[in-house]
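The next block holds one structure in the form of structure tokens; read it before the comments.
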Amino acid sequence: MSEIITIDSGQLSLCLRLPALGMPEILSFGREPVEADPLFEIERSSRVNGMDVAVPSAALLPTGGMGFFGWPAIAGHRNGRDFVAQFGGWTVLREGNRTVLSATDAVAKLGLSIALTAHASGLISMATTLTNTGEADYQLDRCMAATFLAPAGDVQVMSFTGIWGREFQTRRELLGNGTWTQESRRGRTSHDRFPMLFVESETQLFGVTLGFSGNHQMVIDRTDDGQRLVHLGELFEPGEMILAPGESYQSPIAYAGADTEDFHAFVREELMTWPGGTMSPRPVTLNTWEGNYFDHRMVSLKDQATAAAELGIERFVLDDGWFGKRDDDTTSLGDWDIDPRKYPDGLKPLVDHVTGLGMQFGIWFEPEMVNPVSALYEAHPDWALTIAGRPILQSRTQLVLDLTRKDVSDYLFDKMHAVLQNHAVSYIKWDMNRDLTHAGGRDGKAKIAAQTRAVYALMDRIRAFHPDVEIESCASGGGRIDYGVLSRTHRVWTSDCTDALERLEIQRGASIFVPPEILGSHISASPNHQTGRRHSLSFRALVAMAYHLGVELNPLELTDEERAELNVYIETYKRLRSLLHASGASFRMEPLDGRYVWGAASDEKIVMIVAQGPQMVGEQPASLKLPDSVTQLGGRWAIAQMLPAEPEFIRISEGQKALLSGEISFDLAVAGLSGLPLPMLRPESALLLELIPSKGGKTHG
């Protein structure tokens, strides 16, 4: 019998058959593991005008040209020859939860390894390594990281799109008979084509994501028998991946999971590494960008830090404008020396003031970019990625530095290292404010793949020398959010748009794959700097509350009333963050009539945030039916606290007043079936409810 391999994470199971020649056949993929059975040994027949011996259509990383007529996951050639790959002689190496399948192609002179890992979180990950064992160069045109199997019949795919300032917009579509493809050529994860999908049918639900920050593609191909193959991998520019004899290509890692909580658990427990080994409570952060922009004045910044500390803020981040002659965004990127005009005594007086107040100090860098108007570019114009004979394309008046060059990478490390070594810096906001367009080296060849890995290498080097410094990934907001960069950072800036109304959908989409405590969400000024909308402080604060809370304004411009109110929300966040950021505690509900609901639950407390985006259409709001993850706690509960004390209700009944004041207790099971009859909120307002077990209800140890 053929060898059957099962990769079982406890939540997902992938069952493969290893053939004598050809790619592994996917026998099953889903929640239930499948045991070896004689049915698997029966050769499948095909149409009379098909292949005499049917080639498995549900193949792992299928190669084309030998009877498989679908979308090949691996493709390449050796100067036009060896364009067909057919691997055989499969071997299996198991080490703990990791399984490596290896095979060779003696004709095309290639070696292939597929690493599959069953994670304790419930995820299954996959990555490929392809090696040129021949004596001449091999041009690799495509090598996907993974293939997963979706069933036949009606299948819906949920993907994410967006633009700057409006990331993570969810889109759902029913798959047809053709091939579904999504590709990104922006040189970063992008704002419009995130490498994340959820696939759903009547019998199966799973998500997939690619841990990579560069060009990528996701393809869903229909097989001959109606099933679908879901491929994820890196996207190469023409001629970008040429393997010399003995060289190997290592793909990014792709992940599959059964639900959102499994992805969250993986990020928390395996993907991210923290200073000291564990995540500290996520500190309330003041970021200076929207409060100051490029106007850096020492006295004002010190006063802002003092006001921030009085509000209960725990981290002060100095954003763009502290270096070179950086008075606007047209100059000085690359000149990472402290501006003596703004800081005649250096940064140390400000850093010492901030840390003396008991706050952490953070600082902004954009190391991958250079302004043409800069001392660095004047001295080294050849350090920028360009293509000879083509126009030098700027974006946000920036060019991209070639980090694949050792002299460039060393220069950037030395500059960043000097700032970190000489100041008590606990945090870096690492930004990237443009896509990669003409990303070519001096040899004229494409460099996006190498550039992405060089950025990772610089991040790794900074972390190795400064292991106690946390890093935030920012890329014009949410343009670089993926599991590749998350393995090197500790926070992401979810979006440059801080408008609370826009953030409802942005944060809902982003939190499907990323835990809430990793998503930066800030309380900004009103009117909002991006949209001009005016929102109450309660709405702005509550929309940000469950995530990594921050403040994005000048605290000196707040009134006494605003300062007192903001302090209440900051203290509430500190009191609740251990629950809001607890593993397995968070929940979110699909929006209904413009009403968004999310929060976290434990045996001792349920925290629920209810926000109304646009005006409701219904005459009466639907009762709020709590999700299963909450109602399974059981027992009788009551509302113990509400914030703000007087939410912006359109109308409220006496019974609703009694419910919200905690006079009425209720059974969680009933709340799941019939729902909580909450009052209708005014558009663009929110409330936070804290629920606790009521007397005579469930007993807690």
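If you're wondering about the labels, chains in the structure tokens are A, B, ... by order shown, residues count from 1 in each chain, ligands from 1 in order shown.
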Legend entry - Polymer residues at most 9 Å from Ala108 (chain A), only C-alpha atoms, same-chain spacing of 3 or more positions, as a PyMOL selection string: chain A and resi 77-78+81-86+104-105+132-134
Legend entry - Selection near Thr531 (chain A), 10 Å with only C-alpha atoms, sequence-local residues under 4 positions removed, as an NGL selection string: :A and (165 or 497-499 or 501-502 or 526-527)
Take the residues from that selection and write them out as a compact mmCIF listing (two decimals), in the first residue's frame, keeping N, CA and C atoms.
# COMPACT_ATOMS: atom_id res chain seq x y z
N GLY A 165 -5.66 54.38 4.70
CA GLY A 165 -6.66 54.96 5.57
C GLY A 165 -7.96 54.20 5.63
N CYS A 497 -5.58 56.21 9.46
CA CYS A 497 -6.85 56.87 9.74
C CYS A 497 -7.26 56.58 11.18
N THR A 498 -7.37 57.63 11.98
CA THR A 498 -7.75 57.48 13.38
C THR A 498 -9.22 57.83 13.62
N ASP A 499 -9.96 58.07 12.55
CA ASP A 499 -11.39 58.35 12.66
C ASP A 499 -12.10 57.13 13.25
N LEU A 501 -15.19 56.19 13.38
CA LEU A 501 -16.19 55.55 12.52
C LEU A 501 -15.52 54.63 11.51
N GLU A 502 -14.45 55.09 10.87
CA GLU A 502 -13.72 54.27 9.92
C GLU A 502 -13.05 53.09 10.62
N SER A 526 -10.65 65.87 17.79
CA SER A 526 -11.88 66.14 17.05
C SER A 526 -11.90 67.63 16.71
N PRO A 527 -12.07 67.99 15.42
CA PRO A 527 -12.36 67.12 14.27
C PRO A 527 -11.15 66.25 13.90
Legend entry - Polymer residues at most 7 Å from Ser113 (chain A), only C-alpha atoms, same-chain spacing of 4 or more positions, as a VMD selection string: chain A and resid 100 to 103 128 to 130
Legend entry - Distance of CA of Arg228 (chain A) from CA of Ser46 (chain A), expressed in Å to one decimal place: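 Between CA of Ser46 (chain A) and CA of Arg228 (chain A) the gap works out to 18.0 Å.
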Legend entry - Distance criterion (only C-alpha atoms): nearest to Pro677 (chain A) out of A:Pro349, A:Pro238, A:Gly655, A:Gly187: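 Among A:Pro349, A:Pro238, A:Gly655, A:Gly187, it is A:Gly655 that comes nearest to Pro677 (chain A).
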Inset, instruction - Pick out the residues sitting within 9 Å of Thr260 (chain A), and hand them over as JSON, numbers by chain; count only C-alpha atoms, and ignore anything fewer than 4 positions along from it in its own chain. - result: {"A": [207, 264, 265, 511, 512, 513, 514, 515]}
Inset, instruction - Based on DSSP run over this structure's backbone, return all residues of region 9-141 of chain A in helix (DSSP H, G or I), as a PyMOL selection string. - result: chain A and resi 38-41
Quick one: residues within 8 Å of region 29-36 of chain A, only C-alpha atoms counted, chain neighbours fewer than 5 positions away excluded, as a PDB file with N, CA and C atoms, in the first residue's frame?
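Generated file (selection.pdb):
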ATOM      1  N   ILE A   4       0.671   6.607   3.828  1.00  0.00           N
ATOM      2  CA  ILE A   4      -0.275   7.652   4.181  1.00  0.00           C
ATOM      3  C   ILE A   4       0.323   8.473   5.322  1.00  0.00           C
ATOM      4  N   THR A   6      -0.380  11.718   7.949  1.00  0.00           N
ATOM      5  CA  THR A   6      -1.395  12.585   8.526  1.00  0.00           C
ATOM      6  C   THR A   6      -0.729  13.651   9.390  1.00  0.00           C
ATOM      7  N   ASP A   8      -1.867  16.336  12.020  1.00  0.00           N
ATOM      8  CA  ASP A   8      -3.056  16.609  12.823  1.00  0.00           C
ATOM      9  C   ASP A   8      -2.702  17.585  13.942  1.00  0.00           C
ATOM     10  N   GLY A  10      -5.050  18.861  15.999  1.00  0.00           N
ATOM     11  CA  GLY A  10      -6.122  18.847  16.983  1.00  0.00           C
ATOM     12  C   GLY A  10      -7.329  19.625  16.536  1.00  0.00           C
ATOM     13  N   GLN A  11      -7.123  20.628  15.698  1.00  0.00           N
ATOM     14  CA  GLN A  11      -8.217  21.403  15.120  1.00  0.00           C
ATOM     15  C   GLN A  11      -8.341  21.169  13.615  1.00  0.00           C
ATOM     16  N   LEU A  12      -7.225  20.880  12.973  1.00  0.00           N
ATOM     17  CA  LEU A  12      -7.203  20.598  11.536  1.00  0.00           C
ATOM     18  C   LEU A  12      -6.378  19.344  11.301  1.00  0.00           C
ATOM     19  N   SER A  13      -6.758  18.610  10.269  1.00  0.00           N
ATOM     20  CA  SER A  13      -6.022  17.407   9.914  1.00  0.00           C
ATOM     21  C   SER A  13      -5.826  17.374   8.404  1.00  0.00           C
ATOM     22  N   LEU A  14      -4.581  17.162   7.990  1.00  0.00           N
ATOM     23  CA  LEU A  14      -4.231  17.049   6.578  1.00  0.00           C
ATOM     24  C   LEU A  14      -3.719  15.634   6.328  1.00  0.00           C
ATOM     25  N   CYS A  15      -4.396  14.915   5.445  1.00  0.00           N
ATOM     26  CA  CYS A  15      -4.042  13.526   5.151  1.00  0.00           C
ATOM     27  C   CYS A  15      -3.506  13.438   3.730  1.00  0.00           C
ATOM     28  N   PHE A 148      -3.687  23.967   0.113  1.00  0.00           N
ATOM     29  CA  PHE A 148      -4.715  23.400   0.977  1.00  0.00           C
ATOM     30  C   PHE A 148      -5.942  23.078   0.128  1.00  0.00           C
ATOM     31  N   LEU A 149      -6.782  22.194   0.611  1.00  0.00           N
ATOM     32  CA  LEU A 149      -7.901  21.674  -0.178  1.00  0.00           C
ATOM     33  C   LEU A 149      -9.224  22.217   0.330  1.00  0.00           C
ATOM     34  N   ALA A 150     -10.033  22.746  -0.593  1.00  0.00           N
ATOM     35  CA  ALA A 150     -11.397  23.175  -0.282  1.00  0.00           C
ATOM     36  C   ALA A 150     -12.373  22.246  -1.007  1.00  0.00           C
ATOM     37  N   GLN A 204     -17.314  22.934   5.623  1.00  0.00           N
ATOM     38  CA  GLN A 204     -15.956  23.269   6.049  1.00  0.00           C
ATOM     39  C   GLN A 204     -15.771  24.773   6.168  1.00  0.00           C
ATOM     40  N   ALA A 258      -8.574  26.696  11.670  1.00  0.00           N
ATOM     41  CA  ALA A 258     -10.013  26.450  11.615  1.00  0.00           C
ATOM     42  C   ALA A 258     -10.834  27.674  11.997  1.00  0.00           C
TER      43      ALA A 258
END
Legend entry - Backbone-only DSSP, strand (DSSP E) members of region 155-278 of chain A, as a PyMOL selection string: chain A and resi 156-163+166-174+180-184+196-200+205-211+216-222+228-234+242-243+248-250+253-257
Inset, instruction - Give me, please, the distance in Å between CA of Asp443 (chain A) and CA of Ala384 (chain A), quoted to one decimal. - result: 12.7 Å
Legend entry - Spatial neighbours of region 395-406 of chain A, 8 Å, only C-alpha atoms, chain gap at least 5 places, as a PyMOL selection string: chain A and resi 329-330+333+368-372+383-385+433-436+439+441+450-451+454-455
